[in-house]
Structure formats: C-alpha cells, structure tokens
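Undergrad: Following this line is coords-v9.cif, made up of mmCIF, C-alpha atoms:
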data_start
#
loop_
_atom_site.label_atom_id
_atom_site.label_comp_id
_atom_site.auth_asym_id
_atom_site.auth_seq_id
_atom_site.Cartn_x
_atom_site.Cartn_y
_atom_site.Cartn_z
CA MET A 29 -12.30 -5.74 21.94
CA ARG A 30 -11.67 -2.36 20.28
CA VAL A 31 -8.73 -2.31 17.86
CA GLY A 32 -7.73 1.11 16.55
CA GLN A 33 -6.22 1.46 13.06
CA PHE A 34 -4.36 4.80 13.05
CA ILE A 35 -3.27 6.37 9.76
CA ASP A 36 -2.05 9.72 8.46
CA THR A 37 -4.05 10.15 5.27
CA GLU A 38 -1.79 12.93 3.98
CA SER A 39 0.86 10.39 2.95
CA ALA A 40 -0.96 7.08 3.20
CA GLY A 41 -1.14 5.71 -0.34
CA GLY A 42 -1.63 1.94 -0.29
CA ALA A 43 -1.56 1.93 3.52
CA GLU A 44 -5.16 3.20 3.41
CA THR A 45 -6.22 0.02 1.63
CA ILE A 46 -4.46 -2.17 4.19
CA ALA A 47 -6.01 -0.30 7.13
CA LEU A 48 -9.49 -0.62 5.62
CA ASP A 49 -9.00 -4.31 4.81
CA LEU A 50 -7.81 -5.01 8.35
CA CYS A 51 -10.90 -3.27 9.72
CA ARG A 52 -13.16 -5.41 7.54
CA GLN A 53 -11.34 -8.60 8.54
CA LEU A 54 -11.58 -7.69 12.22
CA GLN A 55 -15.31 -7.08 11.80
CA ALA A 56 -15.65 -10.60 10.39
CA ARG A 57 -13.96 -11.93 13.55
CA ALA A 58 -16.58 -10.19 15.75
CA LEU A 59 -14.06 -7.59 16.97
CA GLU A 60 -14.56 -3.82 17.01
CA PRO A 61 -12.25 -2.01 14.58
CA VAL A 62 -12.05 1.77 14.86
CA LEU A 63 -10.48 3.74 12.02
CA LEU A 64 -8.53 6.71 13.42
CA HIS A 65 -7.39 9.46 11.05
CA PHE A 66 -7.07 13.24 10.70
CA GLY A 67 -9.88 13.65 8.20
CA SER A 68 -10.15 12.23 4.68
CA SER A 69 -13.21 12.31 2.43
CA TYR A 70 -12.05 9.07 0.79
CA LEU A 71 -11.64 7.21 4.09
CA GLU A 72 -14.85 8.64 5.49
CA GLU A 73 -16.81 7.45 2.45
CA ARG A 74 -15.19 4.00 2.50
CA ALA A 75 -15.72 3.59 6.25
CA ARG A 76 -19.42 4.49 5.92
CA HIS A 77 -19.76 2.09 3.00
CA TYR A 78 -18.37 -0.82 5.02
CA GLY A 79 -20.02 0.16 8.31
CA ILE A 80 -16.67 0.78 10.03
CA GLU A 81 -16.60 3.09 13.04
CA GLN A 82 -14.26 6.01 12.52
CA GLN A 83 -13.00 8.81 14.72
CA ILE A 84 -11.18 12.01 13.75
CA VAL A 85 -7.97 12.40 15.75
CA PRO A 86 -7.62 15.91 17.21
CA SER A 87 -4.43 18.00 17.49
CA TRP A 88 -3.27 17.54 13.90
CA ARG A 89 -1.07 20.66 14.15
CA GLN A 90 0.79 19.27 17.15
CA TYR A 91 1.30 15.99 15.30
CA LYS A 92 2.90 17.69 12.29
CA SER A 93 5.58 19.53 14.26
CA PHE A 94 8.49 17.71 15.91
CA THR A 95 8.66 20.31 18.68
CA THR A 96 5.03 19.74 19.69
CA LEU A 97 5.04 15.93 19.45
CA PRO A 98 5.23 15.57 23.26
CA GLN A 99 2.08 17.68 23.52
CA PHE A 100 0.41 15.52 20.86
CA ALA A 101 1.39 12.35 22.74
CA LEU A 102 -0.30 13.58 25.92
CA GLN A 103 -3.47 14.57 24.07
CA PHE A 104 -3.50 11.38 22.02
CA ARG A 105 -3.17 9.30 25.19
CA ARG A 106 -6.35 10.90 26.56
CA PHE A 107 -8.08 10.42 23.22
CA LEU A 108 -7.24 6.70 23.12
CA GLN A 109 -8.50 6.26 26.67
CA GLN A 110 -11.70 8.14 25.90
CA GLN A 111 -12.29 5.88 22.88
CA ASN A 112 -11.63 2.76 25.01
CA ILE A 113 -9.05 1.48 22.55
CA ASP A 114 -7.65 -1.90 23.67
CA VAL A 115 -4.96 -2.26 20.98
CA LEU A 116 -3.59 0.39 18.62
CA HIS A 117 -2.22 -0.46 15.19
CA SER A 118 -0.44 2.48 13.54
CA HIS A 119 0.52 2.66 9.87
CA LEU A 120 3.54 4.55 8.48
CA TYR A 121 6.50 6.23 10.15
CA GLY A 122 4.72 9.35 11.44
CA PRO A 123 1.82 7.66 13.23
CA ILE A 124 4.11 4.97 14.64
CA THR A 125 6.63 7.33 16.20
CA ALA A 126 3.94 9.75 17.42
CA ALA A 127 1.71 7.06 18.94
CA ALA A 128 4.44 5.03 20.67
CA PRO A 129 4.78 7.30 23.75
CA ALA A 130 1.01 7.86 23.92
CA CYS A 131 0.38 4.10 24.01
CA LEU A 132 3.03 3.61 26.68
CA LEU A 133 1.43 6.30 28.84
CA ALA A 134 -2.04 4.85 28.27
CA GLY A 135 -0.95 1.27 28.87
CA ILE A 136 -2.22 0.22 25.43
CA PRO A 137 -0.38 -2.42 23.33
CA HIS A 138 0.97 -0.89 20.11
CA VAL A 139 1.76 -2.43 16.71
CA GLY A 140 3.32 -0.30 13.97
CA THR A 141 3.48 -1.21 10.27
CA LEU A 142 6.14 0.43 8.11
CA HIS A 143 4.95 0.51 4.50
CA ASP A 144 8.02 2.10 2.89
CA VAL A 145 11.68 2.98 3.39
CA TYR A 146 12.04 6.37 1.72
CA VAL A 147 11.32 8.41 4.87
CA VAL A 148 14.43 6.94 6.50
CA ALA A 149 16.38 6.73 3.24
CA GLU A 150 15.97 10.51 2.83
CA ARG A 151 17.05 11.26 6.42
CA PRO A 152 18.83 8.28 8.04
CA ALA A 153 18.72 9.81 11.53
CA ARG A 154 14.95 9.26 11.58
CA ILE A 155 15.53 5.59 12.30
CA ARG A 156 16.44 6.55 15.88
CA LEU A 157 12.79 7.35 16.57
CA LEU A 158 11.84 3.86 15.39
CA GLN A 159 14.39 2.43 17.82
CA VAL A 160 12.83 4.55 20.57
CA ALA A 161 9.37 3.27 19.60
CA ALA A 162 10.64 -0.32 19.85
CA LEU A 163 12.16 0.40 23.27
CA LEU A 164 8.79 1.79 24.38
CA GLY A 165 7.16 -1.52 23.49
CA THR A 166 5.94 -0.98 19.91
CA ARG A 167 6.00 -4.15 17.82
CA LEU A 168 7.32 -3.04 14.44
CA VAL A 169 6.29 -4.74 11.20
CA CYS A 170 7.71 -4.45 7.67
CA VAL A 171 5.65 -5.48 4.66
CA SER A 172 8.53 -7.14 2.78
CA ARG A 173 11.76 -8.97 3.58
CA ASP A 174 13.64 -6.33 1.62
CA MET A 175 12.26 -3.65 3.94
CA GLU A 176 13.17 -5.57 7.07
CA ASN A 177 16.73 -6.00 5.76
CA PHE A 178 16.90 -2.27 5.03
CA TYR A 179 16.04 -1.31 8.61
CA ARG A 180 18.18 -3.99 10.25
CA GLN A 181 21.23 -2.97 8.21
CA ARG A 182 20.91 0.62 9.43
CA ALA A 183 20.19 0.16 13.14
CA TYR A 184 19.91 -2.51 15.79
CA PHE A 185 16.46 -4.00 16.44
CA GLY A 186 15.85 -7.03 18.62
CA LYS A 187 14.62 -10.20 16.95
CA GLN A 188 11.10 -9.76 18.36
CA ALA A 189 11.01 -5.99 17.84
CA LEU A 190 10.92 -6.10 14.02
CA ARG A 191 9.45 -8.68 11.65
CA THR A 192 7.84 -9.08 8.23
CA ILE A 193 4.14 -9.61 7.54
CA TYR A 194 3.19 -9.45 3.87
CA ASN A 195 0.28 -7.30 2.76
CA GLY A 196 -2.78 -9.31 1.82
CA ILE A 197 -5.21 -8.93 -1.06
CA ARG A 198 -8.92 -9.66 -1.20
CA SER A 199 -9.83 -12.29 -3.77
CA MET A 200 -11.44 -10.62 -6.75
CA SER A 201 -14.59 -12.01 -8.31
CA ALA A 202 -15.27 -11.15 -11.93
CA PRO A 203 -16.66 -7.59 -11.87
CA ASN A 204 -19.25 -6.19 -14.23
CA THR A 205 -17.35 -4.32 -16.95
CA THR A 206 -20.18 -3.87 -19.43
CA GLY A 207 -19.54 -0.74 -21.48
CA LEU A 208 -16.39 0.25 -19.56
CA ARG A 209 -13.96 -0.04 -22.46
CA GLU A 210 -16.27 2.04 -24.61
CA ALA A 211 -16.62 4.64 -21.84
CA LEU A 212 -12.83 4.87 -21.67
CA GLY A 213 -12.53 5.31 -25.42
CA LEU A 214 -10.97 1.86 -25.90
CA SER A 215 -11.68 -0.64 -28.66
CA ASP A 216 -11.77 -4.41 -28.27
CA SER A 217 -8.54 -4.69 -30.27
CA ASP A 218 -6.57 -2.28 -28.07
CA VAL A 219 -3.85 -3.74 -25.83
CA VAL A 220 -4.47 -1.99 -22.50
CA ILE A 221 -1.58 -1.36 -20.10
CA THR A 222 -2.63 -0.09 -16.68
CA CYS A 223 -0.61 1.62 -13.97
CA VAL A 224 -2.13 2.39 -10.56
CA GLY A 225 -0.27 4.70 -8.20
CA ARG A 226 0.08 8.19 -6.83
CA LEU A 227 1.42 10.68 -9.37
CA ALA A 228 4.55 11.47 -7.38
CA GLY A 229 8.25 11.32 -8.17
CA LEU A 230 8.91 8.00 -6.44
CA LYS A 231 6.53 6.20 -8.80
CA ASN A 232 8.52 7.42 -11.84
CA HIS A 233 5.67 7.66 -14.31
CA HIS A 234 8.11 9.63 -16.51
CA LEU A 235 10.01 6.40 -17.18
CA LEU A 236 6.82 4.51 -17.99
CA LEU A 237 5.66 7.20 -20.41
CA ARG A 238 9.02 7.20 -22.21
CA ALA A 239 8.98 3.41 -22.53
CA PHE A 240 5.36 3.42 -23.71
CA SER A 241 6.08 6.10 -26.33
CA ARG A 242 8.64 3.77 -27.96
CA LEU A 243 6.31 0.79 -28.43
CA ASP A 244 5.58 -0.34 -31.96
CA PRO A 245 2.75 1.94 -33.20
CA GLY A 246 1.14 -1.06 -34.90
CA LEU A 247 0.33 -2.58 -31.50
CA SER A 248 -2.60 -0.24 -30.88
CA ALA A 249 -1.50 -0.02 -27.25
CA ARG A 250 -3.26 2.22 -24.71
CA LEU A 251 -1.98 3.29 -21.30
CA LEU A 252 -4.32 3.91 -18.36
CA ILE A 253 -2.70 5.94 -15.57
CA VAL A 254 -4.87 5.65 -12.48
CA GLY A 255 -4.27 7.93 -9.51
CA ASP A 256 -3.67 11.57 -8.77
CA GLY A 257 -0.92 13.66 -7.30
CA PRO A 258 1.29 16.73 -7.65
CA LEU A 259 2.88 15.65 -10.94
CA ARG A 260 -0.29 15.16 -12.96
CA GLU A 261 0.01 18.33 -15.02
CA GLN A 262 3.70 17.67 -15.66
CA LEU A 263 3.00 14.11 -16.78
CA GLU A 264 0.18 15.18 -19.08
CA LEU A 265 2.56 17.67 -20.67
CA LEU A 266 5.21 14.96 -21.09
CA ALA A 267 2.69 12.66 -22.81
CA THR A 268 1.99 15.47 -25.28
CA GLU A 269 5.71 16.12 -25.86
CA LEU A 270 6.28 12.41 -26.52
CA GLY A 271 3.41 12.34 -29.02
CA VAL A 272 1.30 9.80 -27.10
CA ALA A 273 -1.33 12.02 -25.48
CA ALA A 274 -4.06 10.37 -27.59
CA GLN A 275 -2.99 6.91 -26.42
CA VAL A 276 -2.76 7.75 -22.70
CA ARG A 277 -5.73 8.18 -20.34
CA PHE A 278 -5.13 10.01 -17.06
CA LEU A 279 -8.07 8.73 -15.00
CA GLY A 280 -7.36 10.34 -11.62
CA GLN A 281 -8.55 8.79 -8.37
CA ARG A 282 -10.99 5.95 -9.02
CA ASN A 283 -13.18 3.66 -6.93
CA ASP A 284 -13.50 1.02 -9.66
CA ILE A 285 -9.98 -0.43 -9.70
CA PRO A 286 -11.18 -4.08 -10.03
CA GLU A 287 -13.23 -3.13 -13.09
CA LEU A 288 -10.32 -1.21 -14.65
CA LEU A 289 -7.98 -4.15 -14.11
CA ALA A 290 -10.55 -6.52 -15.57
CA VAL A 291 -10.57 -4.61 -18.89
CA SER A 292 -6.75 -4.41 -18.93
CA ASP A 293 -4.28 -6.77 -20.57
CA LEU A 294 -1.21 -6.15 -18.43
CA PHE A 295 0.06 -4.04 -15.54
CA ALA A 296 3.13 -1.81 -15.29
CA LEU A 297 4.88 0.00 -12.45
CA ALA A 298 8.19 1.86 -12.82
CA SER A 299 8.75 2.93 -9.19
CA ASP A 300 12.15 3.90 -7.82
CA THR A 301 11.18 2.52 -4.40
CA GLU A 302 8.43 0.32 -2.96
CA GLY A 303 7.47 -1.42 0.25
CA LEU A 304 5.06 -4.12 -0.88
CA SER A 305 2.85 -2.66 -3.57
CA CYS A 306 -0.89 -3.13 -3.08
CA SER A 307 -1.34 -2.12 -6.72
CA VAL A 308 0.84 -4.99 -7.93
CA LEU A 309 -1.03 -7.38 -5.62
CA GLU A 310 -4.38 -6.20 -7.02
CA ALA A 311 -3.11 -6.74 -10.56
CA MET A 312 -1.88 -10.25 -9.70
CA SER A 313 -5.21 -11.12 -8.09
CA ALA A 314 -6.96 -9.89 -11.25
CA GLY A 315 -4.86 -12.31 -13.31
CA LEU A 316 -2.65 -9.73 -15.00
CA PRO A 317 1.03 -10.20 -15.80
CA ALA A 318 3.06 -7.30 -14.39
CA VAL A 319 6.17 -5.52 -15.64
CA VAL A 320 7.73 -3.80 -12.62
CA THR A 321 11.04 -2.42 -11.45
CA ALA A 322 13.11 -4.71 -9.22
CA VAL A 323 12.89 -2.47 -6.16
CA GLY A 324 11.71 -3.05 -2.60
CA GLY A 325 9.29 -5.95 -2.29
CA ASN A 326 8.52 -6.17 -6.03
CA PRO A 327 10.82 -9.21 -6.55
CA GLU A 328 9.00 -10.92 -3.67
CA LEU A 329 5.74 -10.46 -5.59
CA VAL A 330 6.66 -10.88 -9.25
CA ILE A 331 8.68 -13.94 -10.30
CA ASP A 332 10.62 -12.92 -13.38
CA GLY A 333 9.48 -14.86 -16.42
CA LEU A 334 6.83 -16.81 -14.48
CA THR A 335 4.26 -14.24 -13.32
CA GLY A 336 5.62 -11.16 -15.09
CA PHE A 337 8.92 -9.41 -15.70
CA LEU A 338 11.36 -7.46 -13.55
CA VAL A 339 13.49 -4.60 -14.88
CA GLU A 340 16.18 -2.55 -13.21
CA PRO A 341 15.07 0.86 -11.92
CA GLY A 342 15.58 3.55 -14.54
CA ASP A 343 15.84 1.04 -17.41
CA ASP A 344 13.38 2.43 -19.94
CA GLN A 345 14.75 0.16 -22.69
CA GLY A 346 14.16 -2.99 -20.62
CA LEU A 347 10.72 -1.75 -19.64
CA ARG A 348 9.82 -1.11 -23.28
CA GLU A 349 11.05 -4.54 -24.40
CA HIS A 350 9.02 -6.43 -21.81
CA LEU A 351 5.89 -4.35 -22.41
CA GLN A 352 6.22 -5.01 -26.14
CA THR A 353 6.80 -8.74 -25.61
CA LEU A 354 3.60 -9.08 -23.61
CA ALA A 355 1.62 -6.76 -25.87
CA LEU A 356 2.48 -8.96 -28.86
CA ASP A 357 1.79 -12.34 -27.23
CA THR A 358 -1.75 -12.98 -25.98
CA ALA A 359 -0.98 -16.57 -24.95
CA LEU A 360 2.01 -15.48 -22.86
CA ARG A 361 -0.07 -12.81 -21.14
CA GLN A 362 -2.68 -15.40 -20.21
CA GLN A 363 -0.09 -17.91 -19.01
CA LEU A 364 1.74 -15.43 -16.76
CA GLY A 365 -1.55 -13.94 -15.58
CA ARG A 366 -2.87 -17.31 -14.39
CA ALA A 367 0.37 -17.94 -12.50
CA ALA A 368 0.18 -14.47 -10.94
CA ARG A 369 -3.38 -15.06 -9.71
CA GLN A 370 -2.41 -18.41 -8.19
CA ARG A 371 0.61 -16.87 -6.43
CA ALA A 372 -1.48 -14.03 -4.99
CA ALA A 373 -4.08 -16.46 -3.64
CA ALA A 374 -1.50 -18.82 -2.12
CA LEU A 375 0.89 -16.36 -0.47
CA PHE A 376 -0.77 -12.96 -0.15
CA SER A 377 -4.29 -13.52 1.12
CA LEU A 378 -6.04 -11.27 3.63
CA ASP A 379 -6.47 -14.22 5.99
CA LEU A 380 -2.71 -14.82 6.11
CA MET A 381 -2.07 -11.12 6.76
CA LEU A 382 -4.67 -10.96 9.52
CA GLU A 383 -3.39 -14.08 11.26
CA GLY A 384 0.06 -12.54 11.33
CA TYR A 385 -1.24 -9.41 13.01
CA LEU A 386 -3.54 -11.19 15.43
CA ARG A 387 -0.49 -12.96 16.83
CA LEU A 388 1.01 -9.52 17.53
CA TYR A 389 -2.05 -7.98 19.18
CA PRO A 390 -1.05 -8.97 22.75
CA ILE A 391 -4.47 -8.78 24.38
CA LEU A 392 -6.04 -10.90 21.64
CA SER A 393 -3.20 -13.42 21.78
CA GLN A 394 -3.56 -13.63 25.55
CA ALA A 395 -7.33 -14.11 25.31
CA ALA A 396 -6.90 -16.90 22.75
CA THR A 397 -4.33 -18.62 24.97
CA GLU A 398 -6.61 -18.39 28.01
CA ALA A 399 -9.55 -19.77 26.02
CA THR A 400 -7.45 -22.72 24.88
CA ARG A 401 -6.37 -23.43 28.44
CA GLY A 402 -10.00 -23.26 29.53
CA ASP A 403 -10.88 -25.97 27.06
#
Before anything else, please render the file you have as structure tokens.
TA:
Amino acid sequence: MRVGQFIDTESAGGAETIALDLCRQLQARALEPVLLHFGSSYLEERARHYGIEQQIVPSWRQYKSFTTLPQFALQFRRFLQQQNIDVLHSHLYGPITAAAPACLLAGIPHVGTLHDVYVVAERPARIRLLQVAALLGTRLVCVSRDMENFYRQRAYFGKQALRTIYNGIRSMSAPNTTGLREALGLSDSDVVITCVGRLAGLKNHHLLLRAFSRLDPGLSARLLIVGDGPLREQLELLATELGVAAQVRFLGQRNDIPELLAVSDLFALASDTEGLSCSVLEAMSAGLPAVVTAVGGNPELVIDGLTGFLVEPGDDQGLREHLQTLALDTALRQQLGRAARQRAAALFSLDLMLEGYLRLYPILSQAATEATRGD
C-alpha cells in the first residue's frame, strides 16, 4: 500500500517534520510511504537518512500560478497514477487545494492537513477552495481545536469533512551533549532560553528580543535562536541595538534540535499565530517549561502555571516577567518541565497521531475492516 505524503517545501515549516514522522511511522507498519515534494535539500537528506522513498513532483511553475492550476491538476493526476499512489496525504493549503481535483480524477483517496490559519486569515476568500476540496472528497484535518473553530466559523464544512488530529512528537531519549555548551560559548552557570522557529514576521522574534533585553543582567541569561529566514539580518541588528548581541546566539538551521534542547533551561515562543507548534511539542518532550503566546493551539499544549506560562500576543512585559520567574527558580523549571514531558507523552504521541490518520485513509480502513470480518 503506497501512501504519498505531499508537501510544498517553500512554506512548510513544521509540516516537514510531521510529513517525515508520518513516513517513518508508516514504514514501521509495513506500508510504503512516498515523500512527494518540489525539491528540498533538507528533505532529500532526511529521506535518504531514514530510507524513505521520495519523488520530485514536476510542473512546479503550473502549481504556483492560480491560472495554471487546472493544467497542474491534470499533470499531477498522471504523476500519481505513474507512481501507483493508493492514498495521498497533502500538507498545507496549497498542496491540498491543488491535489484535490487531481485525486478526484485519478480515483485516489485524499486527506489534507491544514497546519496554520494565516493563509485564509490574510485572504478570507481562499476558504472557498477548501470547501471545493471537501466537496471533491478531500478529508480535511486541522492540527488544533482552535484551528478547526477558525475554519468552521468562516465557512460551512460538514461534520465528517473537517476534524482535528493533534500533531505527535517522537519520544526523546537523552542525547549526547558532551561539549555542546562549550561549543556554543555557554558556561555551566548560564540560564539558556531557546527559541526554535523560522525567522519570519509571524514568529515575532522582535518581541522575544525586547523581552530578553529587559531581563535582570545578573541572571547570566543566554538566548539561542534556532532557525533561518528572511528576517535574520534585521533581528541580528535589533539584538545589537538592544545591547544584547553578546548574549544572543543566532544558530541558523540545525539538525541537532534534541541536543540543543537538552542543554537548554527553558523554551520561549512569541508567535502572533500558530497551528499546533512542533517546536513547543519538542520542548515539552525534552522536559522544558515553555513561555509562549496564547495563540492558535498553544493553549492546548501549554497549561498555564502547570507546564509553562501563557502570555497575550504582543505582551513583552508579561513575556519578560515569566522568563525572569523561570530563570530565577531552578526548582520551578524542573517541576513544570516534568509535567510538560508527561503531558507530551500522554496526549501528543506519534502513535496517537498515526492512528487518527489511519482511520482517515479509506483504503487502509477498508482493508482493516475486511481483515476483521475474515477473522
């Protein structure tokens, strides 16, 4: 059974992690995942590392233009048939709406996961294409209850056409971090705050930098900003203007996130919008308390005062206060971190995520039902 995971790597973000994790979980179930994308050195390297089959989707130019989407759909239909795809799972708005007609024409069941709301928030009329996809048979999934409410409040979707399946996180074993703090220029006494996310406006690293710059200098706090994006130069300049350039490390894109989290003391994310943040989930699984803005699915992840702290978007004073509280109190960090790890394991495991999707892959559900009847 060949299950395609289709993703547009130009705007994927955390969706890349979910697509890769689903492929690995499907492999473990003796299925044949196929990663479909338009070309990405990161995805190509990760797919080779995990032994995941991958195929480059042709006709990228037709995909990027609304006027040529019908042409893309026809070509993509042939591509899916040539690859013998039995079920297609698309991630993000673009792949979902582009693949829906192709799957209908090819007679292939289609599941589409929406990982954010900002595409529709920016241009509300775009939701009509999601309604069309649902009418064509696509089973739409949101990654948080907040997201599902957002879409249902703006357009009609049938009960079975749209649902929530939480992102899952792989359990993290203790990684080898020997020498990592030293390599990063950190001392054992430093309180390390880590933020993982694309350096783009929606993540609002400006707010985090302003809050960090106002921490008590006696804390010896350090901020690791992990990720890359169009705002990197601007953010580096802001760190200099705020007088904290020596305390902030811009690490760029990294493949050692578990190790970086393991040498950190707490996690922070100041986003203006989120779906269900894989970065927050990774931090929880690593046993870190998180200070995050109360947007999107963040309140479904972080329980205020129990596993971390929530602040209102744009509230740099609240963000500073909670960062300082955790930086000053080692015992509190450990207490909230343990609770965060337990919550991640209980509610946001990869197995739970996969089971949710397997119930939506019609051919697989049908095969399981037939096998049960045969018994």
Undergrad: Using only C-alpha atoms, tabulate the residues of range 220-316 of chain A lying at most 12 Å from any atom of range 337-346 of chain A, each with its closest atom pair and that distance in Å to one decimal, by chain and increasing residue number, as a tab-separated table.
TA:
residue	atom	partner	partner_atom	distance
A:Leu230	CA	A:Pro341	CA	10.9
A:Lys231	CA	A:Pro341	CA	10.5
A:Asn232	CA	A:Gly342	CA	8.5
A:His233	CA	A:Gly342	CA	10.7
A:His234	CA	A:Asp344	CA	9.6
A:Leu235	CA	A:Asp344	CA	5.9
A:Leu236	CA	A:Asp344	CA	7.2
A:Leu237	CA	A:Asp344	CA	9.1
A:Arg238	CA	A:Asp344	CA	6.8
A:Ala239	CA	A:Asp344	CA	5.2
A:Phe240	CA	A:Asp344	CA	8.9
A:Ser241	CA	A:Asp344	CA	10.4
A:Arg242	CA	A:Gln345	CA	8.8
A:Leu243	CA	A:Gln345	CA	10.2
A:Leu294	CA	A:Phe337	CA	11.0
A:Phe295	CA	A:Phe337	CA	10.4
A:Ala296	CA	A:Phe337	CA	9.6
A:Leu297	CA	A:Leu338	CA	9.9
A:Ala298	CA	A:Pro341	CA	7.0
A:Ser299	CA	A:Pro341	CA	7.2
A:Asp300	CA	A:Pro341	CA	5.9
A:Thr301	CA	A:Pro341	CA	8.6
A:Glu302	CA	A:Pro341	CA	11.2
A:Leu316	CA	A:Phe337	CA	11.6
Undergrad: Take CA of Gln110 in chain A and CA of Gly67 in chain A and report the distance between them in Å, one decimal.
TA: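 Result for CA of Gln110 in chain A versus CA of Gly67 in chain A: 18.6 Å, one decimal.
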Undergrad: Residues picked by the PyMOL selection byres ((chain A and resi 277-284) around 6) here, as a list in words?
TA: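 So the PyMOL selection byres ((chain A and resi 277-284) around 6) ends up selecting Leu252, Ile253, Val254, Gly255, Asp256, Val276, Ile285, Pro286 and Glu287 of chain A.
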Undergrad: Could you tell me which residues the PyMOL selection byres ((chain A and resi 353-361) around 8) returns for this structure, as JSON, numbers by chain?
TA: {"A": [219, 247, 249, 293, 294, 316, 317, 349, 350, 351, 352, 362, 363, 364, 365]}
Undergrad: Taking the file as I've supplied it (selection: the PyMOL selection byres ((chain A and resi 101) around 8)), which residues are included? Please answer as a PyMOL selection string.
TA: chain A and resi 97-100+102-105+126-127+129-130
Undergrad: Which value, in Å to one decimal, gives the distance between CA of Arg57 in chain A and CA of Glu310 in chain A?
TA: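 Straight-line distance from CA of Arg57 in chain A to CA of Glu310 in chain A works out to 23.4 Å.
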Undergrad: Quick one: of A:Arg154, A:Arg366, A:His77, A:His117, who's nearest to Ala43 in chain A, counting all atoms listed in the file?
TA: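 Closest to Ala43 in chain A, using all atoms listed in the file: A:His117.
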